[in-house]
Amino acid sequence: MTDAAQDISIKQAVEARLKKRHRAEQRFRLYGLSAILLALAALATLIGSIAMQAAPAFTAWEITLDVDLDASRAAPGVGQALPGSPEFEAAVRRGSYAGLMQDAMRDRFPQIEERSQLRELFGLYTSVSSSGLMNRVLDNPSLLDRQTTHTIPVSDDVDRYLKGQVTGIERVRNAGAAQLALADDGGASLRLNPALLDAIQSEAGEEGFGFGIDDPSVIVRFADGAARITGLQGDVAQAEILTPFAAGAGEASLLVLETPEANRLISDAQIVWTETLRDAGVITRGFNTYLFTNTDSREPELAGVLGALVGSILTMLVTMFMAVPVGVFTALYLEEYAPRTRWTDLIEVNINNLAAVPSIVFGLLGLAVFINFFGMPRSAPLVGGMVLALMTLPTVIISSRAALKAVPPSIREAALGVGASRTQTVFSHVLPLAMPGIMTGSIIGLAQALGETAPLLMIGMVAFVADTPNTFTDPSTVMPVQIYMWALNPERAWEARSAAAIIVLLSLMIVMNAIAVLLRRRFERRW
């Protein structure tokens with residue numbers, strides 16, 4: 001009985017320990033799964049917040065103008081100059097295209113004559129857009145002395161208003177009738193019918209609101225004009241004319257802007273004109289091609305990532321052709337040929353240490369050596385690529401050595417056993433088998449270099465560059481620096497542009513990492 005009881009106690013102890021080990025293993029799995037889920041949630045939150053902020057930048061509101069390209073204004077002094085000749089190009093570049101576009105806007109609102117209102121009217125779009133019209137004439141001289149439609153983006157303030165980022169808007173169409181009476185002092189009064197008066201009071205709510213500069217704007221729109229209510233007594237409202245129109249009675253719509261005009265960069269008059277143009281189909285919304293086809297600009301609505309994207313590609317080409325061959329051959333020598341001495345140990349330690357050096361140190365090195373000592377051009381993809389190649393080189397060497405070590409020694413022994421030389425063994429057997437790991441490490445190193453900013457700031461790639469680089473020595477910028485520059489701008493419209501550029505950069509890095517995974521799966525061999 002004693003032995004049996006002892007066996008039972010031992011069995012129970014073993015089972016208890018097993019249960020404890022199983023519970024510990026389950027907890028460990030739970031901890032690991034929780035860590036993965038937490039990382040995925042953080043990643044989803046990060047990408048989701050960036051995507052939500054970037055979404056407005058992928059669409060753009062555009063205005064289409066009917067422009068009369070009078071040759072005397074579009075190409076003054078062109079005479080008998082042939083299209084394509086230097087004289088013709090010089091005449092076209094002297095043209096007043098901003099004035100032609102302004103005339104097209106005035107044709108839409110002929111009742112606007114005051115200079116201050118005209119300045120606001122022309123502020124619905126960016127005057128810099130006139131250069132696009134000039135380029136169209138240079139490309140197609142037959143447009144002269146003809147009317148053409150020209151589509152340009154609206155200004156950033158108008159664009160943000162149309163996307164609902166400026167003020168809350170309440171629209172009441174066909175709210176009721178009103179009669180306008182003009183006073184001798186330039187003021188105006190509106191007699192509101194009960195339906196329109198009820199609509200205004202309904203929008204005001206129980207608390208109501210005033211009609212001062214710090215109160216929401218209440219605008220009454222007619223078919224040919226608009227007025228802002230500045231006071232209300234009974235059914236008579238004092239009004240300020242925003243778009244001149246004839247006195248009399250007519251059906252009106254109501255527009256309530258929750259944010260006071262004093263707190264906005266877009267005036268009530270500009271909002272009225274914008275609504276009028278949108279109702280007429282002159283202002284429309286579409287995909288923002290300017291973001292991908294334009295280079296950098298001082299105007300948010302015209303700024304694009306094309307120049308920075310080309311600059312990043314040129315910089316990465318220099319980095320790839322410098323870092324990958326040097327890194328792979330260095331790894332080959334250290335792994336296959338170098339004797340195991342103190343010197344090789346010292347080299348290996350220094351390579352590992354260089355992989356942990358902050359990237360800005362490589363920028364300082366490039367500034368001191370490449371620019372100050374050798375006099376190479378600032379803000380050029382050539383210099384940027386060389387700096388990033390120095391930074392990426394340790395990563396390529398370490399990953400390449402790991403890939404070479406992963407090749408079984410039996411491969412080397414078999415090649416040497418059939419009479420192959422050391423060089424034939426390395427380049428005909430070992431290197432091809434290690435190539436998937438080498439390519440994966442190299443691409444990941446290049447993807448890391450693609451997102452670097454600090455070393456490129458040190459060599460001057462922070463300058464404003466409005467042209468697309470064509471060679472490796474042209475002034476250029478890169479995507480991370482472009483994002484940094486846009487994020488520094490105080491205008492709210494740059495926030496969405498910066499987030500959209502981050503999405504483009506992340507897409508490039510995801511593509512590069514996906515290529516690395518595909519190459520590994522395509523060429524990897526299991527031993």
# chains A, B, ... in the order shown; residues from 1 in each chain; ligands from 1
>>> residues_around(residues="Val426 in chain A", least_positions_apart="6", cutoff="9 Å", atoms="only C-alpha atoms", output="PyMOL selection string")
chain A and resi 332+336+412+432
>>> write_last_selection(atoms="N, CA, C and O atoms", output="tab-separated table (two decimals), in the first residue's frame")
chain	number	residue	atom	x	y	z
A	332	LEU	N	32.23	38.28	-50.42
A	332	LEU	CA	32.88	37.12	-51.01
A	332	LEU	C	34.32	36.97	-50.52
A	332	LEU	O	34.76	35.87	-50.15
A	336	GLU	N	35.09	33.81	-48.24
A	336	GLU	CA	35.65	32.70	-49.01
A	336	GLU	C	37.17	32.75	-49.15
A	336	GLU	O	37.80	31.70	-49.36
A	412	ARG	N	30.72	23.17	-51.69
A	412	ARG	CA	32.11	23.55	-51.95
A	412	ARG	C	32.98	22.29	-52.08
A	412	ARG	O	33.83	22.19	-52.99
A	432	PRO	N	25.81	31.52	-57.09
A	432	PRO	CA	24.44	31.37	-57.60
A	432	PRO	C	23.45	30.88	-56.54
A	432	PRO	O	22.30	31.30	-56.53
>>> select_by_dssp(residues="range 216-416 of chain A", states="alpha helix (DSSP H)", output="compact mmCIF listing (two decimals) with N, CA, C and O atoms, in the first residue's frame")
# COMPACT_ATOMS: atom_id res chain seq x y z
N ASP A 268 -17.09 85.47 -48.16
CA ASP A 268 -18.46 85.09 -48.53
C ASP A 268 -18.70 85.27 -50.02
O ASP A 268 -19.38 84.44 -50.66
N ALA A 269 -18.17 86.34 -50.58
CA ALA A 269 -18.37 86.58 -52.00
C ALA A 269 -17.73 85.47 -52.84
O ALA A 269 -18.32 84.99 -53.81
N GLN A 270 -16.52 85.06 -52.46
CA GLN A 270 -15.86 83.98 -53.20
C GLN A 270 -16.64 82.68 -53.09
O GLN A 270 -16.71 81.91 -54.05
N ILE A 271 -17.24 82.43 -51.93
CA ILE A 271 -18.06 81.23 -51.77
C ILE A 271 -19.29 81.29 -52.67
O ILE A 271 -19.65 80.29 -53.32
N VAL A 272 -19.91 82.45 -52.76
CA VAL A 272 -21.08 82.60 -53.64
C VAL A 272 -20.69 82.35 -55.08
O VAL A 272 -21.38 81.62 -55.82
N TRP A 273 -19.58 82.93 -55.53
CA TRP A 273 -19.14 82.73 -56.92
C TRP A 273 -18.79 81.27 -57.16
O TRP A 273 -19.06 80.71 -58.23
N THR A 274 -18.15 80.64 -56.17
CA THR A 274 -17.80 79.23 -56.31
C THR A 274 -19.05 78.37 -56.44
O THR A 274 -19.11 77.47 -57.29
N GLU A 275 -20.05 78.64 -55.61
CA GLU A 275 -21.30 77.88 -55.70
C GLU A 275 -21.98 78.09 -57.05
O GLU A 275 -22.53 77.15 -57.64
N THR A 276 -21.93 79.33 -57.54
CA THR A 276 -22.54 79.63 -58.84
C THR A 276 -21.85 78.85 -59.95
O THR A 276 -22.50 78.27 -60.83
N LEU A 277 -20.51 78.85 -59.93
CA LEU A 277 -19.76 78.14 -60.97
C LEU A 277 -19.96 76.64 -60.87
O LEU A 277 -20.03 75.94 -61.89
N ARG A 278 -20.06 76.13 -59.65
CA ARG A 278 -20.28 74.69 -59.51
C ARG A 278 -21.67 74.30 -60.00
O ARG A 278 -21.84 73.26 -60.67
N ASP A 279 -22.68 75.12 -59.69
CA ASP A 279 -24.03 74.83 -60.18
C ASP A 279 -24.09 74.86 -61.70
O ASP A 279 -24.89 74.13 -62.31
N TYR A 290 -2.40 66.34 -61.05
CA TYR A 290 -1.30 67.27 -60.80
C TYR A 290 -0.33 66.72 -59.75
O TYR A 290 0.86 67.02 -59.79
N LEU A 291 -0.83 65.91 -58.83
CA LEU A 291 0.02 65.36 -57.78
C LEU A 291 1.11 64.47 -58.35
O LEU A 291 2.20 64.37 -57.78
N PHE A 292 0.84 63.83 -59.50
CA PHE A 292 1.79 62.88 -60.07
C PHE A 292 2.48 63.40 -61.32
O PHE A 292 3.49 62.82 -61.74
N THR A 293 1.97 64.47 -61.93
CA THR A 293 2.56 64.97 -63.17
C THR A 293 3.29 66.30 -63.00
O THR A 293 4.00 66.72 -63.91
N LEU A 306 6.45 64.54 -58.94
CA LEU A 306 7.18 63.99 -60.08
C LEU A 306 8.68 64.25 -59.97
O LEU A 306 9.50 63.33 -60.15
N GLY A 307 9.07 65.49 -59.66
CA GLY A 307 10.49 65.81 -59.57
C GLY A 307 11.18 65.02 -58.48
O GLY A 307 12.28 64.48 -58.68
N ALA A 308 10.53 64.92 -57.31
CA ALA A 308 11.13 64.17 -56.20
C ALA A 308 11.17 62.68 -56.51
O ALA A 308 12.12 61.98 -56.12
N LEU A 309 10.16 62.19 -57.22
CA LEU A 309 10.13 60.77 -57.57
C LEU A 309 11.27 60.42 -58.53
O LEU A 309 11.98 59.41 -58.35
N VAL A 310 11.48 61.26 -59.55
CA VAL A 310 12.59 61.04 -60.48
C VAL A 310 13.92 61.17 -59.76
O VAL A 310 14.86 60.39 -59.98
N GLY A 311 14.03 62.16 -58.87
CA GLY A 311 15.26 62.32 -58.10
C GLY A 311 15.55 61.12 -57.24
O GLY A 311 16.71 60.68 -57.11
N SER A 312 14.51 60.54 -56.62
CA SER A 312 14.71 59.33 -55.81
C SER A 312 15.17 58.16 -56.66
O SER A 312 16.05 57.39 -56.25
N ILE A 313 14.61 58.03 -57.86
CA ILE A 313 15.01 56.92 -58.74
C ILE A 313 16.47 57.08 -59.17
O ILE A 313 17.26 56.11 -59.13
N LEU A 314 16.86 58.29 -59.56
CA LEU A 314 18.26 58.51 -59.96
C LEU A 314 19.21 58.26 -58.79
O LEU A 314 20.27 57.66 -58.94
N THR A 315 18.80 58.73 -57.60
CA THR A 315 19.65 58.52 -56.42
C THR A 315 19.78 57.04 -56.09
O THR A 315 20.87 56.55 -55.76
N MET A 316 18.68 56.29 -56.20
CA MET A 316 18.72 54.86 -55.91
C MET A 316 19.55 54.09 -56.94
O MET A 316 20.19 53.10 -56.60
N LEU A 317 19.54 54.56 -58.18
CA LEU A 317 20.38 53.90 -59.19
C LEU A 317 21.85 54.05 -58.83
O LEU A 317 22.63 53.08 -58.92
N VAL A 318 22.26 55.26 -58.44
CA VAL A 318 23.65 55.45 -58.03
C VAL A 318 23.97 54.59 -56.81
O VAL A 318 25.02 53.93 -56.74
N THR A 319 23.07 54.58 -55.83
CA THR A 319 23.29 53.77 -54.63
C THR A 319 23.41 52.29 -54.97
O THR A 319 24.30 51.59 -54.46
N MET A 320 22.54 51.81 -55.84
CA MET A 320 22.55 50.39 -56.18
C MET A 320 23.83 49.98 -56.90
O MET A 320 24.47 48.98 -56.54
N PHE A 321 24.24 50.76 -57.90
CA PHE A 321 25.41 50.39 -58.68
C PHE A 321 26.72 50.59 -57.93
O PHE A 321 27.76 50.08 -58.36
N MET A 322 26.68 51.31 -56.82
CA MET A 322 27.89 51.47 -56.01
C MET A 322 27.91 50.52 -54.82
O MET A 322 28.93 49.90 -54.52
N ALA A 323 26.78 50.41 -54.12
CA ALA A 323 26.77 49.63 -52.87
C ALA A 323 26.70 48.13 -53.12
O ALA A 323 27.39 47.36 -52.45
N VAL A 324 25.89 47.69 -54.08
CA VAL A 324 25.68 46.25 -54.25
C VAL A 324 26.92 45.53 -54.76
O VAL A 324 27.36 44.54 -54.14
N PRO A 325 27.55 45.96 -55.87
CA PRO A 325 28.76 45.23 -56.30
C PRO A 325 29.88 45.25 -55.26
O PRO A 325 30.49 44.21 -54.99
N VAL A 326 30.14 46.42 -54.69
CA VAL A 326 31.21 46.52 -53.70
C VAL A 326 30.88 45.66 -52.48
O VAL A 326 31.74 44.93 -51.95
N GLY A 327 29.64 45.72 -52.03
CA GLY A 327 29.25 44.93 -50.86
C GLY A 327 29.32 43.45 -51.10
O GLY A 327 29.79 42.68 -50.23
N VAL A 328 28.87 42.98 -52.26
CA VAL A 328 28.88 41.55 -52.55
C VAL A 328 30.31 41.04 -52.68
O VAL A 328 30.67 39.97 -52.11
N PHE A 329 31.17 41.76 -53.38
CA PHE A 329 32.56 41.30 -53.55
C PHE A 329 33.32 41.37 -52.23
O PHE A 329 34.19 40.53 -51.97
N THR A 330 32.99 42.35 -51.39
CA THR A 330 33.61 42.39 -50.07
C THR A 330 33.19 41.18 -49.25
O THR A 330 34.02 40.54 -48.57
N ALA A 331 31.92 40.84 -49.29
CA ALA A 331 31.43 39.66 -48.56
C ALA A 331 32.07 38.38 -49.10
O ALA A 331 32.43 37.48 -48.34
N LEU A 332 32.23 38.28 -50.42
CA LEU A 332 32.88 37.12 -51.01
C LEU A 332 34.32 36.97 -50.52
O LEU A 332 34.76 35.87 -50.15
N ARG A 342 43.81 38.64 -37.04
CA ARG A 342 43.31 39.75 -36.27
C ARG A 342 42.81 40.89 -37.15
O ARG A 342 41.87 41.61 -36.81
N TRP A 343 43.46 41.06 -38.31
CA TRP A 343 43.06 42.13 -39.22
C TRP A 343 41.66 41.89 -39.77
O TRP A 343 40.83 42.81 -39.84
N THR A 344 41.39 40.65 -40.18
CA THR A 344 40.04 40.37 -40.69
C THR A 344 39.00 40.48 -39.58
O THR A 344 37.88 40.93 -39.81
N ASP A 345 39.38 40.06 -38.36
CA ASP A 345 38.45 40.23 -37.23
C ASP A 345 38.17 41.71 -36.98
O ASP A 345 37.03 42.10 -36.70
N LEU A 346 39.22 42.54 -37.09
CA LEU A 346 39.03 43.98 -36.90
C LEU A 346 38.13 44.57 -37.98
O LEU A 346 37.27 45.41 -37.70
N ILE A 347 38.31 44.11 -39.23
CA ILE A 347 37.46 44.59 -40.33
C ILE A 347 36.01 44.20 -40.09
O ILE A 347 35.09 45.01 -40.28
N GLU A 348 35.78 42.96 -39.67
CA GLU A 348 34.41 42.51 -39.42
C GLU A 348 33.75 43.31 -38.31
O GLU A 348 32.57 43.69 -38.40
N VAL A 349 34.49 43.59 -37.25
CA VAL A 349 33.94 44.38 -36.15
C VAL A 349 33.58 45.79 -36.63
O VAL A 349 32.52 46.33 -36.29
N ASN A 350 34.45 46.39 -37.42
CA ASN A 350 34.18 47.75 -37.93
C ASN A 350 32.97 47.77 -38.87
O ASN A 350 32.18 48.72 -38.85
N ILE A 351 32.82 46.73 -39.68
CA ILE A 351 31.65 46.66 -40.58
C ILE A 351 30.36 46.58 -39.75
O ILE A 351 29.37 47.27 -40.03
N ASN A 352 30.38 45.75 -38.71
CA ASN A 352 29.20 45.64 -37.85
C ASN A 352 28.92 46.96 -37.13
O ASN A 352 27.75 47.33 -36.93
N ASN A 353 29.98 47.66 -36.73
CA ASN A 353 29.78 48.95 -36.07
C ASN A 353 29.24 50.00 -37.03
O ASN A 353 28.40 50.83 -36.66
N LEU A 354 29.71 49.98 -38.29
CA LEU A 354 29.22 50.95 -39.27
C LEU A 354 27.73 50.78 -39.55
O LEU A 354 27.03 51.74 -39.87
N SER A 359 22.57 57.75 -39.43
CA SER A 359 22.68 58.10 -40.84
C SER A 359 23.20 59.51 -41.06
O SER A 359 23.84 59.79 -42.08
N ILE A 360 22.97 60.42 -40.11
CA ILE A 360 23.41 61.79 -40.30
C ILE A 360 24.93 61.89 -40.33
O ILE A 360 25.50 62.80 -40.93
N VAL A 361 25.61 60.92 -39.69
CA VAL A 361 27.07 60.91 -39.73
C VAL A 361 27.57 60.70 -41.15
O VAL A 361 28.55 61.33 -41.59
N PHE A 362 26.90 59.85 -41.91
CA PHE A 362 27.27 59.66 -43.31
C PHE A 362 27.00 60.94 -44.12
O PHE A 362 27.73 61.23 -45.07
N GLY A 363 25.96 61.68 -43.73
CA GLY A 363 25.73 62.97 -44.39
C GLY A 363 26.85 63.94 -44.13
O GLY A 363 27.29 64.66 -45.04
N LEU A 364 27.34 63.99 -42.90
CA LEU A 364 28.48 64.86 -42.59
C LEU A 364 29.72 64.43 -43.36
O LEU A 364 30.50 65.27 -43.83
N LEU A 365 29.91 63.11 -43.49
CA LEU A 365 31.05 62.61 -44.25
C LEU A 365 30.95 63.02 -45.72
O LEU A 365 31.93 63.47 -46.33
N GLY A 366 29.73 62.88 -46.30
CA GLY A 366 29.56 63.29 -47.69
C GLY A 366 29.76 64.78 -47.89
O GLY A 366 30.35 65.21 -48.89
N PRO A 381 21.72 64.03 -57.50
CA PRO A 381 21.52 62.60 -57.24
C PRO A 381 22.83 61.83 -57.14
O PRO A 381 22.90 60.83 -56.43
N LEU A 382 23.86 62.29 -57.86
CA LEU A 382 25.15 61.59 -57.81
C LEU A 382 25.71 61.60 -56.39
O LEU A 382 26.10 60.56 -55.85
N VAL A 383 25.76 62.77 -55.77
CA VAL A 383 26.30 62.88 -54.42
C VAL A 383 25.38 62.18 -53.42
O VAL A 383 25.84 61.47 -52.52
N GLY A 384 24.07 62.39 -53.57
CA GLY A 384 23.14 61.73 -52.67
C GLY A 384 23.24 60.21 -52.76
O GLY A 384 23.21 59.51 -51.73
N GLY A 385 23.40 59.69 -53.98
CA GLY A 385 23.54 58.24 -54.13
C GLY A 385 24.83 57.72 -53.52
O GLY A 385 24.85 56.63 -52.93
N MET A 386 25.92 58.49 -53.63
CA MET A 386 27.19 58.06 -53.03
C MET A 386 27.09 58.04 -51.50
O MET A 386 27.60 57.12 -50.84
N VAL A 387 26.44 59.04 -50.92
CA VAL A 387 26.28 59.07 -49.47
C VAL A 387 25.42 57.90 -49.00
O VAL A 387 25.77 57.21 -48.02
N LEU A 388 24.32 57.65 -49.69
CA LEU A 388 23.46 56.53 -49.30
C LEU A 388 24.13 55.19 -49.56
O LEU A 388 23.87 54.20 -48.85
N ALA A 389 25.03 55.13 -50.57
CA ALA A 389 25.77 53.89 -50.81
C ALA A 389 26.70 53.58 -49.63
O ALA A 389 26.81 52.42 -49.21
N LEU A 390 27.36 54.62 -49.08
CA LEU A 390 28.20 54.40 -47.90
C LEU A 390 27.37 53.90 -46.72
O LEU A 390 27.80 53.04 -45.95
N MET A 391 26.17 54.43 -46.58
CA MET A 391 25.31 54.03 -45.47
C MET A 391 24.78 52.61 -45.66
O MET A 391 24.61 51.85 -44.70
N THR A 392 24.48 52.23 -46.91
CA THR A 392 23.89 50.92 -47.21
C THR A 392 24.93 49.82 -47.28
O THR A 392 24.60 48.64 -47.10
N LEU A 393 26.18 50.17 -47.52
CA LEU A 393 27.23 49.17 -47.74
C LEU A 393 27.35 48.16 -46.60
O LEU A 393 27.42 46.94 -46.87
N PRO A 394 27.38 48.56 -45.33
CA PRO A 394 27.48 47.54 -44.26
C PRO A 394 26.31 46.56 -44.26
O PRO A 394 26.49 45.36 -44.02
N THR A 395 25.10 47.05 -44.56
CA THR A 395 23.93 46.17 -44.60
C THR A 395 24.08 45.13 -45.71
O THR A 395 23.77 43.94 -45.51
N VAL A 396 24.56 45.57 -46.88
CA VAL A 396 24.74 44.64 -48.00
C VAL A 396 25.81 43.61 -47.67
O VAL A 396 25.66 42.41 -47.96
N ILE A 397 26.91 44.04 -47.06
CA ILE A 397 27.99 43.11 -46.73
C ILE A 397 27.51 42.06 -45.73
O ILE A 397 27.74 40.86 -45.90
N ILE A 398 26.83 42.51 -44.68
CA ILE A 398 26.38 41.57 -43.63
C ILE A 398 25.36 40.58 -44.19
O ILE A 398 25.44 39.37 -43.94
N SER A 399 24.39 41.06 -44.96
CA SER A 399 23.37 40.15 -45.51
C SER A 399 23.99 39.21 -46.54
O SER A 399 23.60 38.03 -46.62
N SER A 400 24.95 39.69 -47.31
CA SER A 400 25.60 38.82 -48.31
C SER A 400 26.43 37.74 -47.63
O SER A 400 26.43 36.57 -48.07
N ARG A 401 27.13 38.08 -46.56
CA ARG A 401 27.90 37.07 -45.83
C ARG A 401 26.98 36.02 -45.21
O ARG A 401 27.30 34.82 -45.20
N ALA A 402 25.84 36.46 -44.70
CA ALA A 402 24.89 35.51 -44.14
C ALA A 402 24.36 34.56 -45.22
O ALA A 402 24.19 33.35 -44.97
N ALA A 403 24.13 35.08 -46.41
CA ALA A 403 23.65 34.23 -47.50
C ALA A 403 24.73 33.25 -47.94
O ALA A 403 24.44 32.08 -48.26
N LEU A 404 25.98 33.68 -47.97
CA LEU A 404 27.08 32.78 -48.35
C LEU A 404 27.29 31.69 -47.30
O LEU A 404 27.56 30.53 -47.62
N LYS A 405 27.14 32.06 -46.03
CA LYS A 405 27.29 31.06 -44.97
C LYS A 405 26.19 30.01 -45.02
O LYS A 405 26.39 28.87 -44.57
N PRO A 409 28.50 23.43 -46.76
CA PRO A 409 29.91 23.17 -47.12
C PRO A 409 30.05 22.02 -48.13
O PRO A 409 31.04 21.97 -48.87
N SER A 410 29.09 21.12 -48.16
CA SER A 410 29.19 20.00 -49.10
C SER A 410 29.21 20.46 -50.54
O SER A 410 29.80 19.79 -51.40
N ILE A 411 28.59 21.60 -50.84
CA ILE A 411 28.61 22.14 -52.21
C ILE A 411 30.04 22.49 -52.59
O ILE A 411 30.52 22.17 -53.69
N ARG A 412 30.72 23.17 -51.69
CA ARG A 412 32.11 23.55 -51.95
C ARG A 412 32.98 22.29 -52.08
O ARG A 412 33.83 22.19 -52.99
N GLU A 413 32.79 21.36 -51.16
CA GLU A 413 33.64 20.15 -51.17
C GLU A 413 33.41 19.33 -52.44
O GLU A 413 34.35 18.79 -53.01
N ALA A 414 32.17 19.25 -52.89
CA ALA A 414 31.89 18.49 -54.11
C ALA A 414 32.53 19.14 -55.33
O ALA A 414 33.09 18.46 -56.20
N ALA A 415 32.46 20.47 -55.41
CA ALA A 415 33.06 21.16 -56.56
C ALA A 415 34.57 21.01 -56.55
O ALA A 415 35.19 20.76 -57.60
N LEU A 416 35.18 21.16 -55.36
CA LEU A 416 36.63 20.99 -55.29
C LEU A 416 37.02 19.54 -55.55
O LEU A 416 38.09 19.28 -56.13
>>> closest_residue(among="A:Gln102, A:Thr453, A:Thr284, A:Thr477", to="Ala380 in chain A", atoms="only C-alpha atoms")
A:Thr477
>>> atom_distance(atom1="CA of Leu124 in chain A", atom2="CA of Ile503 in chain A")
28.4 Å
>>> closest_residue(among="A:Ala454, A:Glu491, A:His150, A:Arg285", to="Phe58 in chain A", atoms="only C-alpha atoms")
A:Arg285
>>> select_by_dssp(residues="range 61-212 of chain A", states="strand (DSSP E or B)", output="ChimeraX atom specification")
/A:61-68,125,147-154,169-182,188-192
>>> atom_distance(atom1="CA of Val166 in chain A", atom2="CA of Ala262 in chain A")
12.2 Å
>>> residues_around(residues="Glu251 in chain A", least_positions_apart="6", cutoff="12 Å", atoms="only C-alpha atoms", output="count of residues only")
21
>>> residues_around(residues="Gly132 in chain A", least_positions_apart="6", cutoff="10 Å", atoms="only C-alpha atoms", output="list of chain:residue names")
A:Tyr97, A:Leu138, A:His150, A:Thr151, A:Ile152
>>> residues_around(residues="Glu240 in chain A", least_positions_apart="5", cutoff="9 Å", atoms="only C-alpha atoms", output="PyMOL selection string")
chain A and resi 186-189+226-230
>>> write_last_selection(atoms="all heavy atoms", output="PDB file, in the first residue's frame")
ATOM      1  N   GLY A 186     -26.069 103.028 -51.056  1.00  0.00           N
ATOM      2  CA  GLY A 186     -25.379 101.804 -51.474  1.00  0.00           C
ATOM      3  C   GLY A 186     -25.822 100.569 -50.721  1.00  0.00           C
ATOM      4  O   GLY A 186     -25.440  99.452 -51.075  1.00  0.00           O
ATOM      5  N   GLY A 187     -26.611 100.733 -49.642  1.00  0.00           N
ATOM      6  CA  GLY A 187     -27.103  99.593 -48.901  1.00  0.00           C
ATOM      7  C   GLY A 187     -28.273  98.941 -49.605  1.00  0.00           C
ATOM      8  O   GLY A 187     -28.697  99.352 -50.686  1.00  0.00           O
ATOM      9  N   ALA A 188     -28.814  97.918 -48.966  1.00  0.00           N
ATOM     10  CA  ALA A 188     -29.937  97.204 -49.575  1.00  0.00           C
ATOM     11  C   ALA A 188     -30.774  96.603 -48.466  1.00  0.00           C
ATOM     12  O   ALA A 188     -30.313  96.407 -47.336  1.00  0.00           O
ATOM     13  CB  ALA A 188     -29.425  96.109 -50.505  1.00  0.00           C
ATOM     14  N   SER A 189     -32.020  96.332 -48.772  1.00  0.00           N
ATOM     15  CA  SER A 189     -32.921  95.675 -47.834  1.00  0.00           C
ATOM     16  C   SER A 189     -33.685  94.595 -48.574  1.00  0.00           C
ATOM     17  O   SER A 189     -33.935  94.692 -49.779  1.00  0.00           O
ATOM     18  CB  SER A 189     -33.898  96.684 -47.215  1.00  0.00           C
ATOM     19  OG  SER A 189     -34.718  97.271 -48.229  1.00  0.00           O
ATOM     20  N   ALA A 226     -26.488  87.706 -55.263  1.00  0.00           N
ATOM     21  CA  ALA A 226     -26.554  87.224 -53.889  1.00  0.00           C
ATOM     22  C   ALA A 226     -26.316  88.383 -52.939  1.00  0.00           C
ATOM     23  O   ALA A 226     -25.665  89.378 -53.277  1.00  0.00           O
ATOM     24  CB  ALA A 226     -25.529  86.118 -53.654  1.00  0.00           C
ATOM     25  N   ALA A 227     -26.867  88.250 -51.730  1.00  0.00           N
ATOM     26  CA  ALA A 227     -26.691  89.264 -50.696  1.00  0.00           C
ATOM     27  C   ALA A 227     -26.550  88.577 -49.347  1.00  0.00           C
ATOM     28  O   ALA A 227     -27.146  87.521 -49.103  1.00  0.00           O
ATOM     29  CB  ALA A 227     -27.879  90.227 -50.680  1.00  0.00           C
ATOM     30  N   ARG A 228     -25.743  89.194 -48.463  1.00  0.00           N
ATOM     31  CA  ARG A 228     -25.553  88.675 -47.115  1.00  0.00           C
ATOM     32  C   ARG A 228     -26.373  89.509 -46.141  1.00  0.00           C
ATOM     33  O   ARG A 228     -26.310  90.750 -46.153  1.00  0.00           O
ATOM     34  CB  ARG A 228     -24.074  88.719 -46.733  1.00  0.00           C
ATOM     35  CG  ARG A 228     -23.790  88.258 -45.303  1.00  0.00           C
ATOM     36  CD  ARG A 228     -22.322  88.275 -45.011  1.00  0.00           C
ATOM     37  NE  ARG A 228     -21.770  89.597 -45.232  1.00  0.00           N
ATOM     38  CZ  ARG A 228     -20.514  89.830 -45.622  1.00  0.00           C
ATOM     39  NH1 ARG A 228     -19.702  88.821 -45.862  1.00  0.00           N
ATOM     40  NH2 ARG A 228     -20.074  91.063 -45.785  1.00  0.00           N
ATOM     41  N   ILE A 229     -27.136  88.823 -45.288  1.00  0.00           N
ATOM     42  CA  ILE A 229     -27.980  89.521 -44.314  1.00  0.00           C
ATOM     43  C   ILE A 229     -27.108  90.063 -43.186  1.00  0.00           C
ATOM     44  O   ILE A 229     -26.310  89.330 -42.593  1.00  0.00           O
ATOM     45  CB  ILE A 229     -29.056  88.571 -43.769  1.00  0.00           C
ATOM     46  CG1 ILE A 229     -29.994  88.141 -44.899  1.00  0.00           C
ATOM     47  CG2 ILE A 229     -29.839  89.228 -42.643  1.00  0.00           C
ATOM     48  CD1 ILE A 229     -31.058  87.167 -44.465  1.00  0.00           C
ATOM     49  N   THR A 230     -27.249  91.350 -42.892  1.00  0.00           N
ATOM     50  CA  THR A 230     -26.492  91.987 -41.815  1.00  0.00           C
ATOM     51  C   THR A 230     -27.370  92.390 -40.644  1.00  0.00           C
ATOM     52  O   THR A 230     -26.859  92.810 -39.605  1.00  0.00           O
ATOM     53  CB  THR A 230     -25.759  93.226 -42.353  1.00  0.00           C
ATOM     54  OG1 THR A 230     -26.725  94.133 -42.921  1.00  0.00           O
ATOM     55  CG2 THR A 230     -24.752  92.831 -43.430  1.00  0.00           C
TER      56      THR A 230
END
>>> closest_residue(among="A:Arg136, A:Arg497, A:Arg378, A:Lys163", to="Thr149 in chain A", atoms="only C-alpha atoms")
A:Arg136
>>> residues_around(residues="Pro300 in chain A", least_positions_apart="5", cutoff="7 Å", atoms="only C-alpha atoms", output="list in words")
Asp156, Ala493 and Trp494 of chain A
>>> write_last_selection(atoms="N, CA and C atoms", output="tab-separated table (two decimals), in the first residue's frame")
chain	number	residue	atom	x	y	z
A	156	ASP	N	-6.14	76.76	-53.42
A	156	ASP	CA	-6.18	75.80	-52.32
A	156	ASP	C	-7.29	76.13	-51.32
A	493	ALA	N	-3.47	73.34	-46.51
A	493	ALA	CA	-3.57	72.49	-47.69
A	493	ALA	C	-2.36	71.57	-47.85
A	494	TRP	N	-1.22	71.97	-47.25
A	494	TRP	CA	-0.02	71.15	-47.38
A	494	TRP	C	-0.11	69.87	-46.54
